[in-house]
file model_2.tsv (TSV, C-alpha atoms)
chain	number	residue	atom	x	y	z
A	52	MET	CA	7.50	26.21	21.55
A	53	THR	CA	9.08	24.24	18.72
A	54	SER	CA	9.56	20.58	19.52
A	55	ALA	CA	12.76	18.69	18.89
A	56	ALA	CA	10.86	16.43	16.52
A	57	LYS	CA	10.28	19.31	14.15
A	58	ARG	CA	14.01	19.94	14.00
A	59	ASP	CA	14.86	16.34	13.19
A	60	ARG	CA	16.35	15.78	9.79
A	61	LEU	CA	14.51	13.64	7.28
A	62	PRO	CA	16.13	10.30	6.41
A	63	GLY	CA	18.57	10.53	3.53
A	64	HIS	CA	16.61	8.19	1.29
A	65	VAL	CA	13.51	10.44	1.58
A	66	THR	CA	15.59	13.26	0.13
A	67	ALA	CA	16.84	10.86	-2.55
A	68	ILE	CA	13.24	9.92	-3.43
A	69	ALA	CA	12.32	13.60	-3.63
A	70	ALA	CA	15.25	14.19	-6.00
A	71	THR	CA	14.07	11.25	-8.11
A	72	PHE	CA	10.60	12.77	-8.36
A	73	LEU	CA	12.10	16.13	-9.34
A	74	VAL	CA	14.20	14.63	-12.12
A	75	SER	CA	11.60	12.19	-13.45
A	76	CYS	CA	8.73	14.72	-13.32
A	77	LEU	CA	10.90	17.24	-15.13
A	78	GLY	CA	11.49	14.61	-17.80
A	79	ASP	CA	7.77	13.84	-17.97
A	80	GLY	CA	7.04	17.54	-18.38
A	81	LEU	CA	9.50	17.65	-21.27
A	82	ALA	CA	7.93	14.58	-22.90
A	83	ILE	CA	4.26	15.52	-22.56
A	84	THR	CA	4.94	19.03	-23.87
A	85	ALA	CA	6.90	17.67	-26.82
A	86	LEU	CA	4.19	15.13	-27.64
A	87	MET	CA	1.44	17.76	-27.47
A	88	LEU	CA	3.36	20.12	-29.74
A	89	ASP	CA	4.19	17.31	-32.15
A	90	PHE	CA	0.56	16.14	-32.31
A	91	HIS	CA	-0.58	19.72	-32.85
A	92	ASP	CA	1.90	20.28	-35.69
A	93	ARG	CA	0.78	17.06	-37.36
A	94	ALA	CA	-2.86	18.20	-37.11
A	95	THR	CA	-4.08	15.19	-35.19
A	96	GLY	CA	-6.86	17.35	-33.77
A	97	GLY	CA	-8.44	17.24	-30.35
A	98	PHE	CA	-8.76	13.47	-30.55
A	99	GLY	CA	-5.00	12.98	-30.50
A	100	ILE	CA	-4.51	15.24	-27.47
A	101	ALA	CA	-7.47	13.63	-25.69
A	102	ALA	CA	-6.05	10.16	-26.38
A	103	LEU	CA	-2.69	11.29	-25.01
A	104	PHE	CA	-4.22	12.48	-21.73
A	105	SER	CA	-6.32	9.31	-21.50
A	106	ALA	CA	-3.15	7.24	-21.90
A	107	MET	CA	-1.69	9.19	-19.00
A	108	SER	CA	-4.64	8.62	-16.62
A	109	VAL	CA	-6.41	5.35	-17.50
A	110	PRO	CA	-3.53	2.92	-16.66
A	111	ALA	CA	-3.56	4.08	-13.02
A	112	ILE	CA	-7.22	3.08	-12.85
A	113	VAL	CA	-6.84	-0.28	-14.56
A	114	LEU	CA	-3.68	-1.30	-12.70
A	115	ALA	CA	-4.65	-0.07	-9.22
A	116	GLY	CA	-5.19	-3.58	-7.86
A	117	LEU	CA	-1.91	-4.91	-9.23
A	118	ALA	CA	0.00	-1.83	-8.04
A	119	GLY	CA	-1.43	-2.22	-4.55
A	120	ARG	CA	-0.54	-5.89	-4.31
A	121	ILE	CA	3.01	-5.32	-5.54
A	122	SER	CA	3.68	-2.41	-3.18
A	123	ASP	CA	2.24	-4.27	-0.18
A	124	HIS	CA	4.02	-7.58	-0.82
A	125	TYR	CA	7.43	-6.63	-2.22
A	126	PRO	CA	10.07	-4.21	-0.88
A	127	ALA	CA	10.96	-1.08	-2.82
A	128	ARG	CA	14.56	-2.22	-3.27
A	129	ARG	CA	13.30	-5.22	-5.23
A	130	VAL	CA	10.58	-3.50	-7.28
A	131	LEU	CA	12.18	-0.25	-8.38
A	132	PRO	CA	15.23	-1.51	-10.34
A	133	PRO	CA	13.28	-3.56	-12.94
A	134	LEU	CA	10.62	-0.85	-13.16
A	135	GLY	CA	13.28	1.78	-13.78
A	136	VAL	CA	14.93	-0.27	-16.52
A	137	ALA	CA	11.54	-0.84	-18.15
A	138	LEU	CA	10.76	2.90	-18.03
A	139	VAL	CA	14.05	3.73	-19.74
A	140	ALA	CA	13.42	1.07	-22.39
A	141	VAL	CA	9.89	2.26	-23.18
A	142	CYS	CA	11.04	5.87	-23.50
A	143	GLY	CA	13.83	4.70	-25.79
A	144	LEU	CA	11.33	2.85	-27.98
A	145	MET	CA	9.14	5.96	-28.15
A	146	SER	CA	12.07	7.93	-29.54
A	147	LEU	CA	12.39	5.44	-32.42
A	148	THR	CA	8.85	5.80	-33.79
A	149	THR	CA	6.80	8.60	-35.31
A	150	ALA	CA	3.45	6.79	-35.60
A	151	VAL	CA	0.87	8.59	-33.47
A	152	ALA	CA	-0.99	5.42	-32.48
A	153	LEU	CA	2.22	3.68	-31.41
A	154	LEU	CA	3.39	6.73	-29.47
A	155	ILE	CA	0.11	6.82	-27.56
A	156	ALA	CA	0.25	3.07	-26.88
A	157	LEU	CA	3.82	3.26	-25.58
A	158	PHE	CA	2.92	6.31	-23.50
A	159	ALA	CA	0.12	4.26	-21.93
A	160	VAL	CA	2.67	1.54	-21.07
A	161	LEU	CA	4.93	4.20	-19.57
A	162	SER	CA	2.05	5.54	-17.48
A	163	GLY	CA	1.19	2.01	-16.36
A	164	LEU	CA	4.74	1.43	-15.12
A	165	MET	CA	4.64	4.72	-13.22
A	166	ALA	CA	1.25	3.76	-11.76
A	167	ILE	CA	2.94	0.70	-10.25
A	168	ALA	CA	5.99	2.64	-9.06
A	169	ALA	CA	4.06	5.50	-7.42
A	170	PRO	CA	2.55	3.58	-4.46
A	171	VAL	CA	5.92	1.88	-3.92
A	172	PHE	CA	7.53	5.31	-3.54
A	173	VAL	CA	4.74	6.68	-1.36
A	174	LYS	CA	4.85	3.70	0.97
A	175	ALA	CA	8.63	3.96	1.25
A	176	VAL	CA	8.30	7.65	2.21
A	177	LEU	CA	5.55	7.01	4.77
A	178	GLN	CA	7.44	4.16	6.43
A	179	ALA	CA	10.65	6.18	6.58
A	180	SER	CA	8.99	9.20	8.20
A	181	PRO	CA	6.97	8.28	11.28
A	182	GLY	CA	5.23	10.76	13.54
A	183	PRO	CA	5.96	14.48	13.04
A	184	LEU	CA	8.25	13.81	10.07
A	185	MET	CA	5.44	12.34	7.95
A	186	SER	CA	3.91	15.59	6.75
A	187	ARG	CA	7.34	17.12	6.10
A	188	ALA	CA	8.44	14.13	4.03
A	189	GLY	CA	5.24	14.13	1.99
A	190	ALA	CA	5.53	17.87	1.43
A	191	LEU	CA	9.15	17.55	0.27
A	192	VAL	CA	8.30	14.89	-2.29
A	193	SER	CA	5.23	16.82	-3.51
A	194	MET	CA	7.24	20.02	-3.84
A	195	ALA	CA	9.89	18.20	-5.85
A	196	ALA	CA	7.27	16.72	-8.20
A	197	ASN	CA	5.52	20.08	-8.65
A	198	LEU	CA	8.83	21.82	-9.30
A	199	GLY	CA	9.68	19.24	-11.94
A	200	PHE	CA	6.34	19.73	-13.70
A	201	LEU	CA	6.78	23.49	-13.41
A	202	ILE	CA	10.20	23.52	-15.09
A	203	GLY	CA	9.69	20.65	-17.53
A	204	PRO	CA	7.05	22.12	-19.87
A	205	ALA	CA	8.86	25.45	-20.18
A	206	VAL	CA	12.18	23.78	-20.98
A	207	GLY	CA	10.46	21.30	-23.30
A	208	ALA	CA	8.87	24.09	-25.33
A	209	LEU	CA	12.24	25.82	-25.67
A	210	LEU	CA	14.12	22.64	-26.67
A	211	MET	CA	11.49	21.32	-29.08
A	212	ASP	CA	12.86	23.37	-31.98
A	213	ALA	CA	16.47	22.60	-31.04
A	214	ILE	CA	16.48	18.82	-30.57
A	215	GLY	CA	12.98	17.75	-31.62
A	216	LEU	CA	10.66	15.10	-30.26
A	217	ARG	CA	13.18	12.26	-30.46
A	218	GLY	CA	15.81	14.20	-28.52
A	219	LEU	CA	13.36	15.16	-25.77
A	220	LEU	CA	12.13	11.59	-25.42
A	221	LEU	CA	15.73	10.43	-25.04
A	222	VAL	CA	16.22	13.05	-22.32
A	223	ASP	CA	13.10	11.71	-20.58
A	224	ALA	CA	14.52	8.19	-20.83
A	225	ALA	CA	17.73	9.38	-19.18
A	226	THR	CA	15.80	10.93	-16.28
A	227	TYR	CA	14.23	7.55	-15.51
A	228	LEU	CA	17.67	6.18	-14.67
A	229	ALA	CA	17.08	7.84	-11.30
A	230	VAL	CA	14.42	5.22	-10.46
A	231	PRO	CA	16.72	2.17	-10.24
A	232	LEU	CA	19.49	4.30	-8.72
A	233	VAL	CA	17.34	5.51	-5.83
A	234	ALA	CA	16.73	1.89	-4.79
A	235	LEU	CA	20.35	1.83	-3.64
A	236	PHE	CA	19.53	4.48	-1.00
A	237	ILE	CA	16.44	2.76	0.40
A	238	PRO	CA	17.29	0.55	3.40
A	239	ARG	CA	16.21	-3.06	3.50
A	240	SER	CA	12.90	-3.74	5.21
A	241	PRO	CA	13.35	-5.05	8.76
A	242	THR	CA	10.48	-7.49	8.21
A	243	PRO	CA	9.51	-9.30	5.02
A	244	SER	CA	7.06	-7.22	3.04
A	245	GLY	CA	5.39	-10.30	1.69
A	246	ALA	CA	4.38	-11.59	5.10
A	247	VAL	CA	0.59	-11.50	5.22
A	248	ASP	CA	-2.06	-12.96	7.46
A	249	SER	CA	-2.91	-16.32	5.94
A	250	ALA	CA	-6.35	-16.21	7.56
A	251	GLU	CA	-7.30	-13.23	5.38
A	252	PRO	CA	-5.11	-13.39	2.26
A	253	GLU	CA	-7.54	-11.86	-0.23
A	254	GLN	CA	-8.31	-8.75	1.83
A	255	LYS	CA	-4.76	-7.61	2.41
A	256	SER	CA	-4.10	-6.04	-0.96
A	257	GLY	CA	-5.68	-5.05	-4.24
A	258	PHE	CA	-8.25	-2.52	-5.43
A	259	LEU	CA	-11.24	-3.78	-3.44
A	260	ALA	CA	-9.11	-4.12	-0.35
A	261	GLY	CA	-7.96	-0.55	-0.90
A	262	LEU	CA	-11.56	0.65	-1.04
A	263	ARG	CA	-12.34	-1.19	2.17
A	264	ILE	CA	-9.31	0.33	3.89
A	265	LEU	CA	-10.16	3.86	2.73
A	266	SER	CA	-13.72	3.51	4.04
A	267	GLN	CA	-12.77	2.39	7.56
A	268	ASP	CA	-12.26	5.87	9.05
A	269	ILE	CA	-14.87	8.63	8.73
A	270	SER	CA	-12.26	11.40	8.58
A	271	LEU	CA	-10.39	9.57	5.84
A	272	VAL	CA	-13.62	8.99	3.89
A	273	ARG	CA	-14.37	12.69	4.06
A	274	ILE	CA	-10.91	13.74	2.86
A	275	VAL	CA	-10.95	11.18	0.02
A	276	LEU	CA	-14.39	12.34	-1.17
A	277	ILE	CA	-13.33	15.98	-1.03
A	278	GLY	CA	-10.13	15.17	-2.89
A	279	VAL	CA	-11.94	13.35	-5.68
A	280	ALA	CA	-14.42	16.21	-6.07
A	281	LEU	CA	-11.63	18.78	-5.97
A	282	THR	CA	-9.71	16.92	-8.67
A	283	PHE	CA	-12.79	16.83	-10.90
A	284	THR	CA	-13.47	20.53	-10.30
A	285	LEU	CA	-9.92	21.67	-11.03
A	286	GLN	CA	-9.62	19.55	-14.16
A	287	VAL	CA	-12.80	21.14	-15.54
A	288	THR	CA	-11.54	24.65	-14.83
A	289	ASN	CA	-8.11	23.79	-16.24
A	290	VAL	CA	-9.71	22.99	-19.59
A	291	VAL	CA	-11.54	26.35	-19.78
A	292	GLU	CA	-8.74	28.40	-18.23
A	293	VAL	CA	-7.17	29.13	-21.61
A	294	TYR	CA	-10.52	30.48	-22.86
A	295	LEU	CA	-10.87	32.63	-19.75
A	296	VAL	CA	-7.45	34.20	-20.21
A	297	ARG	CA	-7.40	34.47	-23.98
A	298	ASP	CA	-11.07	35.28	-24.72
A	299	SER	CA	-12.59	36.85	-21.60
A	300	TYR	CA	-9.51	38.97	-20.83
A	301	GLY	CA	-8.10	39.16	-24.36
A	302	ALA	CA	-4.65	38.40	-22.97
A	303	THR	CA	-1.65	36.97	-24.78
A	304	ALA	CA	-0.33	33.41	-24.70
A	305	THR	CA	2.49	34.68	-22.48
A	306	VAL	CA	-0.04	35.84	-19.90
A	307	PHE	CA	-1.69	32.42	-19.98
A	308	GLY	CA	1.69	30.81	-19.37
A	309	LEU	CA	2.29	33.15	-16.45
A	310	VAL	CA	-1.09	32.23	-14.93
A	311	THR	CA	-0.25	28.53	-15.00
A	312	THR	CA	3.18	29.31	-13.54
A	313	VAL	CA	1.62	31.32	-10.70
A	314	TRP	CA	-0.66	28.36	-9.89
A	315	ALA	CA	2.32	25.99	-9.72
A	316	GLY	CA	4.32	28.47	-7.65
A	317	GLY	CA	1.47	28.89	-5.19
A	318	GLN	CA	1.10	25.12	-4.99
A	319	ILE	CA	4.78	24.71	-4.12
A	320	LEU	CA	4.61	27.40	-1.41
A	321	GLY	CA	1.42	25.94	0.05
A	322	THR	CA	2.90	22.46	0.10
A	323	GLY	CA	6.08	23.57	1.83
A	324	SER	CA	4.25	25.58	4.49
A	325	ALA	CA	1.78	22.79	5.20
A	326	GLY	CA	4.54	20.22	5.62
A	327	ARG	CA	5.75	21.88	8.81
A	328	TRP	CA	2.36	23.13	10.00
A	329	PHE	CA	0.81	19.63	9.99
A	330	SER	CA	3.80	17.89	11.57
A	331	GLU	CA	2.17	17.62	15.00
A	332	ARG	CA	-1.34	18.91	14.32
A	333	PRO	CA	-4.57	17.19	13.24
A	334	THR	CA	-5.33	17.39	9.53
A	335	ALA	CA	-9.11	16.89	9.26
A	336	ARG	CA	-10.22	20.48	9.77
A	337	PRO	CA	-7.34	22.09	7.79
A	338	ALA	CA	-8.15	19.78	4.87
A	339	VAL	CA	-11.72	21.08	4.77
A	340	LEU	CA	-10.64	24.70	5.19
A	341	THR	CA	-8.03	24.55	2.41
A	342	ALA	CA	-10.52	22.88	0.07
A	343	LEU	CA	-13.04	25.58	0.99
A	344	ALA	CA	-10.45	28.20	0.06
A	345	VAL	CA	-10.00	26.65	-3.40
A	346	GLY	CA	-13.75	26.63	-4.06
A	347	ALA	CA	-14.11	30.23	-2.85
A	348	ALA	CA	-11.22	31.31	-5.10
A	349	LEU	CA	-12.89	29.73	-8.14
A	350	LEU	CA	-16.12	31.61	-7.36
A	351	ALA	CA	-14.17	34.85	-6.93
A	352	ILE	CA	-12.45	34.35	-10.29
A	353	ALA	CA	-15.89	34.06	-11.88
A	354	ALA	CA	-17.19	37.15	-10.07
A	355	PHE	CA	-14.35	39.65	-10.49
A	356	ASP	CA	-13.19	41.05	-13.83
A	357	SER	CA	-9.61	41.88	-12.93
A	358	LEU	CA	-6.49	40.43	-14.50
A	359	PRO	CA	-4.25	41.26	-11.48
A	360	GLY	CA	-6.99	39.76	-9.31
A	361	LEU	CA	-6.87	36.61	-11.42
A	362	PHE	CA	-3.16	36.24	-10.65
A	363	VAL	CA	-3.71	36.74	-6.91
A	364	LEU	CA	-6.66	34.35	-6.73
A	365	THR	CA	-4.83	31.75	-8.80
A	366	ALA	CA	-1.84	31.89	-6.45
A	367	LEU	CA	-4.11	31.56	-3.40
A	368	ALA	CA	-6.01	28.64	-4.93
A	369	GLY	CA	-2.76	26.91	-5.84
A	370	ALA	CA	-1.40	27.35	-2.31
A	371	ALA	CA	-4.61	26.01	-0.78
A	372	ASP	CA	-4.61	23.04	-3.15
A	373	GLY	CA	-0.99	22.25	-2.24
A	374	ALA	CA	-1.78	22.41	1.47
A	375	PHE	CA	-4.81	20.16	0.99
A	376	GLY	CA	-2.62	17.58	-0.76
A	377	VAL	CA	-0.26	17.46	2.24
A	378	ALA	CA	-3.18	17.14	4.67
A	379	ARG	CA	-4.62	14.30	2.61
A	380	GLN	CA	-1.38	12.33	2.35
A	381	THR	CA	-0.58	12.87	6.04
A	382	THR	CA	-4.00	11.54	6.97
A	383	LEU	CA	-3.46	8.47	4.80
A	384	GLY	CA	-0.15	7.79	6.50
A	385	ARG	CA	-1.49	8.28	10.02
A	386	VAL	CA	-4.74	6.33	9.72
A	387	ILE	CA	-3.85	3.36	7.51
A	388	ASP	CA	-1.90	0.37	8.76
A	389	PRO	CA	1.56	0.25	7.11
A	390	ALA	CA	0.93	-3.26	5.77
A	391	SER	CA	-1.98	-1.98	3.66
A	392	GLN	CA	-0.70	1.46	2.67
A	393	GLY	CA	0.29	0.37	-0.84
A	394	SER	CA	-3.21	-0.82	-1.74
A	395	ALA	CA	-4.81	2.26	-0.20
A	396	VAL	CA	-2.50	4.62	-2.08
A	397	ALA	CA	-3.00	2.79	-5.41
A	398	THR	CA	-6.79	2.74	-5.00
A	399	HIS	CA	-6.79	6.40	-4.03
A	400	ALA	CA	-4.76	7.23	-7.14
A	401	ALA	CA	-7.26	5.27	-9.25
A	402	LEU	CA	-10.15	7.30	-7.83
A	403	LEU	CA	-8.34	10.56	-8.58
A	404	ASN	CA	-7.51	9.48	-12.12
A	405	ALA	CA	-11.10	8.35	-12.69
A	406	ALA	CA	-12.22	11.84	-11.64
A	407	THR	CA	-9.66	13.31	-14.05
A	408	VAL	CA	-10.88	11.25	-17.00
A	409	LEU	CA	-14.52	12.06	-16.23
A	410	ALA	CA	-13.69	15.76	-15.94
A	411	LEU	CA	-11.83	15.83	-19.25
A	412	MET	CA	-14.76	14.10	-20.95
A	413	SER	CA	-17.23	16.56	-19.44
A	414	ALA	CA	-15.23	19.76	-19.80
A	415	GLY	CA	-15.30	19.87	-23.59
A	416	LEU	CA	-19.10	19.74	-23.64
A	417	VAL	CA	-19.48	22.24	-20.82
A	418	ALA	CA	-17.02	24.65	-22.40
A	419	SER	CA	-18.96	24.57	-25.68
A	420	LEU	CA	-22.24	25.43	-23.92
A	421	ALA	CA	-21.20	28.03	-21.33
A	422	GLN	CA	-18.91	31.01	-20.98
A	423	PRO	CA	-15.63	30.47	-19.05
A	424	ARG	CA	-16.82	32.56	-16.09
A	425	THR	CA	-20.02	30.55	-15.93
A	426	VAL	CA	-18.02	27.32	-15.86
A	427	TYR	CA	-15.87	28.65	-13.00
A	428	ALA	CA	-18.99	29.73	-11.09
A	429	LEU	CA	-20.69	26.36	-11.58
A	430	ALA	CA	-17.56	24.40	-10.70
A	431	GLY	CA	-16.79	26.43	-7.58
A	432	GLY	CA	-20.41	26.59	-6.44
A	433	LEU	CA	-21.10	22.87	-6.88
A	434	PHE	CA	-17.86	22.01	-5.11
A	435	LEU	CA	-18.80	24.19	-2.13
A	436	LEU	CA	-22.22	22.52	-2.02
A	437	LEU	CA	-20.52	19.13	-1.95
A	438	LEU	CA	-18.29	20.31	0.89
A	439	ALA	CA	-21.38	21.29	2.85
A	440	ALA	CA	-22.98	17.89	2.12
A	441	VAL	CA	-19.89	16.01	3.24
A	442	HIS	CA	-19.71	18.08	6.42
A	443	THR	CA	-23.39	17.36	7.14
A	444	TYR	CA	-22.84	13.65	6.51
A	445	ARG	CA	-19.91	13.59	8.92
A	446	ARG	CA	-21.91	15.29	11.67
A	447	ALA	CA	-24.80	12.87	11.16
A	448	ALA	CA	-22.46	9.87	11.17
A	449	SER	CA	-20.63	10.98	14.31
A	450	ALA	CA	-23.73	12.03	16.28
A	451	PRO	CA	-24.56	8.53	17.67
A	452	VAL	CA	-20.96	8.16	18.83
A	453	SER	CA	-21.14	11.44	20.68
A	454	GLU	CA	-24.37	10.43	22.39
A	455	VAL	CA	-22.82	7.19	23.58
A	456	ASP	CA	-19.74	8.97	24.82
A	457	THR	CA	-21.78	11.38	26.88

call {"tool": "encode", "arguments": {"input": "model_2.tsv", "output": "structure tokens"}}
result
Amino acid sequence: MTSAAKRDRLPGHVTAIAATFLVSCLGDGLAITALMLDFHDRATGGFGIAALFSAMSVPAIVLAGLAGRISDHYPARRVLPPLGVALVAVCGLMSLTTAVALLIALFAVLSGLMAIAAPVFVKAVLQASPGPLMSRAGALVSMAANLGFLIGPAVGALLMDAIGLRGLLLVDAATYLAVPLVALFIPRSPTPSGAVDSAEPEQKSGFLAGLRILSQDISLVRIVLIGVALTFTLQVTNVVEVYLVRDSYGATATVFGLVTTVWAGGQILGTGSAGRWFSERPTARPAVLTALAVGAALLAIAAFDSLPGLFVLTALAGAADGAFGVARQTTLGRVIDPASQGSAVATHAALLNAATVLALMSAGLVASLAQPRTVYALAGGLFLLLLAAVHTYRRAASAPVSEVDT
């Protein structure tokens, strides 16, 4: 029987935040595609592309503590307007320069500003969507972001010849106007966000506080560890995916584009389905099962030599990954005290970005030493072994509790 809670409408500002993610992620997809194409045409080599991706990931690691403190101590209505104006300004500056080093530096600043804004948005969504609405709200925002990144690169590639890098960067700047505008839809906090326990001021926010918060619940620890490992695994396979499609299958660039589109489409469908499924259900076991499905799909891709099979397995892996993301965010919202959610979210993002950077550094070496199928087999197999180890650790950690209870 469907409960009335499942039929409740999400708050209007959650929908507004989702629309903001759709627009801004679409703009980011335009910008990153334009920058990659521009760097390629100017023959900057792999170093330029690697530096670009590092500028996208490293700021979230470095600024995790600051982002956590800001999101835990200041309301979204106060933080988002200046951040939005700064994002527009930085994008505008990027459109005025052609120097590769300066473009990368400004892109790092842009990524740093978004690293501060992200936990503010996540906390606003979690606080606006208590109980059964939490998973639905998280799924809606994730779907919007994924849809933006799905559309953005395709449109960016088409518009690159028409309006060039400067034009696309100006379009990206315009999309960031949604950030200060969405603050108008977010209601004022009923209690001051800056109110903290004076007896424990240093443990309320920041990176180390976020680590402490994430480690307080065994189920949360397990999901965070699985998520970090899954991020590393998928980033490694993403690097070699083009070699799998183009070299192992001898397929065209269009086929490669379709494979990446199928992944994104599966991710959107998995996210949307999980949003309703997890509304009133526990998330610990589904998180493990969906992660298991991703690892099994990677092993199957390595084992089977079938291009149609590759499309099917990619869609299934994308759907499972999307569902895992909803389970993870729902668990964060349910387990963590609202006063500390900003620090936990920022620290969690730093861990995921650290896994991304490590994977990108490792993938180039691995891809040069092994065939694409071998990389998929190693990545999927090692990830499944880690899942088994985490499951064993959880059972060992919970065994004394069970004995006491009985």

call {"tool": "closest_residue", "arguments": {"input": "model_2.tsv", "among": "A:Thr398, A:Asn289, A:Ser419, A:Thr149", "to": "Ala166 (chain A)", "atoms": "only C-alpha atoms"}}
result
A:Thr398

call {"tool": "closest_atom_pairs", "arguments": {"input": "model_2.tsv", "of": "region 148-249 of chain A", "to": "region 380-385 of chain A", "cutoff": "10 Å", "atoms": "only C-alpha atoms", "output": "Markdown table"}}
result
| residue | atom | partner | partner_atom | distance |
| --- | --- | --- | --- | --- |
| A:Val173 | CA | A:Gln380 | CA | 9.1 |
| A:Lys174 | CA | A:Gly384 | CA | 8.5 |
| A:Val176 | CA | A:Gly384 | CA | 9.5 |
| A:Leu177 | CA | A:Gly384 | CA | 6.0 |
| A:Gln178 | CA | A:Gly384 | CA | 8.4 |
| A:Ser180 | CA | A:Gly384 | CA | 9.4 |
| A:Pro181 | CA | A:Arg385 | CA | 8.6 |
| A:Gly182 | CA | A:Arg385 | CA | 8.0 |
| A:Pro183 | CA | A:Thr381 | CA | 9.7 |
| A:Leu184 | CA | A:Thr381 | CA | 9.8 |
| A:Met185 | CA | A:Thr381 | CA | 6.3 |
| A:Ser186 | CA | A:Thr381 | CA | 5.3 |
| A:Arg187 | CA | A:Thr381 | CA | 9.0 |
| A:Ala188 | CA | A:Thr381 | CA | 9.3 |
| A:Gly189 | CA | A:Gln380 | CA | 6.9 |
| A:Ala190 | CA | A:Gln380 | CA | 8.9 |
| A:Ser193 | CA | A:Gln380 | CA | 9.9 |

call {"tool": "atom_distance", "arguments": {"input": "model_2.tsv", "atom1": "CA of Thr443 (chain A)", "atom2": "CA of Ser413 (chain A)"}}
result
27.3 Å

call {"tool": "closest_residue", "arguments": {"input": "model_2.tsv", "among": "A:Ala368, A:Tyr227, A:Gln392, A:Val74", "to": "Gly199 (chain A)", "atoms": "all atoms listed in the file"}}
result
A:Val74

call {"tool": "closest_residue", "arguments": {"input": "model_2.tsv", "among": "A:Gly321, A:Gly369, A:Val291, A:Val310", "to": "Leu420 (chain A)", "atoms": "all atoms listed in the file"}}
result
A:Val291

call {"tool": "closest_atom_pairs", "arguments": {"input": "model_2.tsv", "of": "region 68-130 of chain A", "to": "region 256-261 of chain A", "cutoff": "8 Å", "atoms": "all atoms listed in the file", "output": "CSV"}}
result
residue,atom,partner,partner_atom,distance
A:Ala115,CA,A:Phe258,CA,5.8
A:Gly116,CA,A:Gly257,CA,3.9
A:Leu117,CA,A:Gly257,CA,6.3
A:Ala118,CA,A:Gly257,CA,7.6
A:Gly119,CA,A:Gly257,CA,5.1
A:Arg120,CA,A:Ser256,CA,4.9
A:Asp123,CA,A:Ser256,CA,6.6

call {"tool": "atom_distance", "arguments": {"input": "model_2.tsv", "atom1": "CA of Val296 (chain A)", "atom2": "CA of Leu437 (chain A)"}}
result
27.0 Å

call {"tool": "residues_near_point", "arguments": {"input": "model_2.tsv", "point": "(-9.5, 15.5, -10.8)", "cutoff": "7 Å", "atoms": "only C-alpha atoms", "output": "list in words"}}
result
Val279, Ala280, Leu281, Thr282, Phe283, Thr284, Leu285, Gln286, Leu403, Asn404, Ala406, Thr407 and Ala410 of chain A

call {"tool": "atom_distance", "arguments": {"input": "model_2.tsv", "atom1": "CA of Arg217 (chain A)", "atom2": "CA of Leu147 (chain A)"}}
result
7.1 Å

call {"tool": "closest_residue", "arguments": {"input": "model_2.tsv", "among": "A:His64, A:Arg379, A:His399, A:Arg239", "to": "Ser266 (chain A)", "atoms": "all atoms listed in the file"}}
result
A:His399

call {"tool": "closest_residue", "arguments": {"input": "model_2.tsv", "among": "A:Ile155, A:Ala400, A:Ala101, A:Val272", "to": "Ala414 (chain A)", "atoms": "only C-alpha atoms"}}
result
A:Ala101

call {"tool": "residues_around", "arguments": {"input": "model_2.tsv", "residues": "Gly308 (chain A)", "least_positions_apart": "4", "cutoff": "10 Å", "atoms": "only C-alpha atoms", "output": "list in words"}}
result
Ala205, Val293, Val296, Thr303, Ala304, Thr312 and Val313 of chain A

call {"tool": "write_last_selection", "arguments": {"input": "model_2.tsv", "atoms": "C-alpha atoms", "output": "short mmCIF file (atom, residue, chain, number, x, y, z; two decimals), in the frame of the given file"}}
result
data_model
loop_
_atom_site.label_atom_id
_atom_site.label_comp_id
_atom_site.auth_asym_id
_atom_site.auth_seq_id
_atom_site.Cartn_x
_atom_site.Cartn_y
_atom_site.Cartn_z
CA ALA A 205 8.86 25.45 -20.18
CA VAL A 293 -7.17 29.13 -21.61
CA VAL A 296 -7.45 34.20 -20.21
CA THR A 303 -1.65 36.97 -24.78
CA ALA A 304 -0.33 33.41 -24.70
CA THR A 312 3.18 29.31 -13.54
CA VAL A 313 1.62 31.32 -10.70
#

call {"tool": "closest_residue", "arguments": {"input": "model_2.tsv", "among": "A:Gly143, A:Pro204, A:Gly360, A:Gly323", "to": "Val192 (chain A)", "atoms": "only C-alpha atoms"}}
result
A:Gly323

call {"tool": "residues_around", "arguments": {"input": "model_2.tsv", "residues": "Val441 (chain A)", "least_positions_apart": "5", "cutoff": "9 Å", "atoms": "all atoms listed in the file", "output": "NGL selection string"}}
result
:A and (273 or 276-277 or 436 or 446)

call {"tool": "residues_around", "arguments": {"input": "model_2.tsv", "residues": "Ala140 (chain A)", "least_positions_apart": "6", "cutoff": "12 Å", "atoms": "only C-alpha atoms", "output": "MDAnalysis selection string"}}
result
chainID A and resid 133:134 146:147 157:158 160:161 164 220:221 223:228

call {"tool": "write_last_selection", "arguments": {"input": "model_2.tsv", "atoms": "C-alpha atoms", "output": "mmCIF file, keeping the file's coordinate frame"}}
result
data_model
loop_
_atom_site.group_PDB
_atom_site.id
_atom_site.type_symbol
_atom_site.label_atom_id
_atom_site.label_comp_id
_atom_site.auth_asym_id
_atom_site.auth_seq_id
_atom_site.Cartn_x
_atom_site.Cartn_y
_atom_site.Cartn_z
ATOM 1 C CA PRO A 133 13.280 -3.560 -12.940
ATOM 2 C CA LEU A 134 10.620 -0.850 -13.160
ATOM 3 C CA SER A 146 12.070 7.930 -29.540
ATOM 4 C CA LEU A 147 12.390 5.440 -32.420
ATOM 5 C CA LEU A 157 3.820 3.260 -25.580
ATOM 6 C CA PHE A 158 2.920 6.310 -23.500
ATOM 7 C CA VAL A 160 2.670 1.540 -21.070
ATOM 8 C CA LEU A 161 4.930 4.200 -19.570
ATOM 9 C CA LEU A 164 4.740 1.430 -15.120
ATOM 10 C CA LEU A 220 12.130 11.590 -25.420
ATOM 11 C CA LEU A 221 15.730 10.430 -25.040
ATOM 12 C CA ASP A 223 13.100 11.710 -20.580
ATOM 13 C CA ALA A 224 14.520 8.190 -20.830
ATOM 14 C CA ALA A 225 17.730 9.380 -19.180
ATOM 15 C CA THR A 226 15.800 10.930 -16.280
ATOM 16 C CA TYR A 227 14.230 7.550 -15.510
ATOM 17 C CA LEU A 228 17.670 6.180 -14.670
#
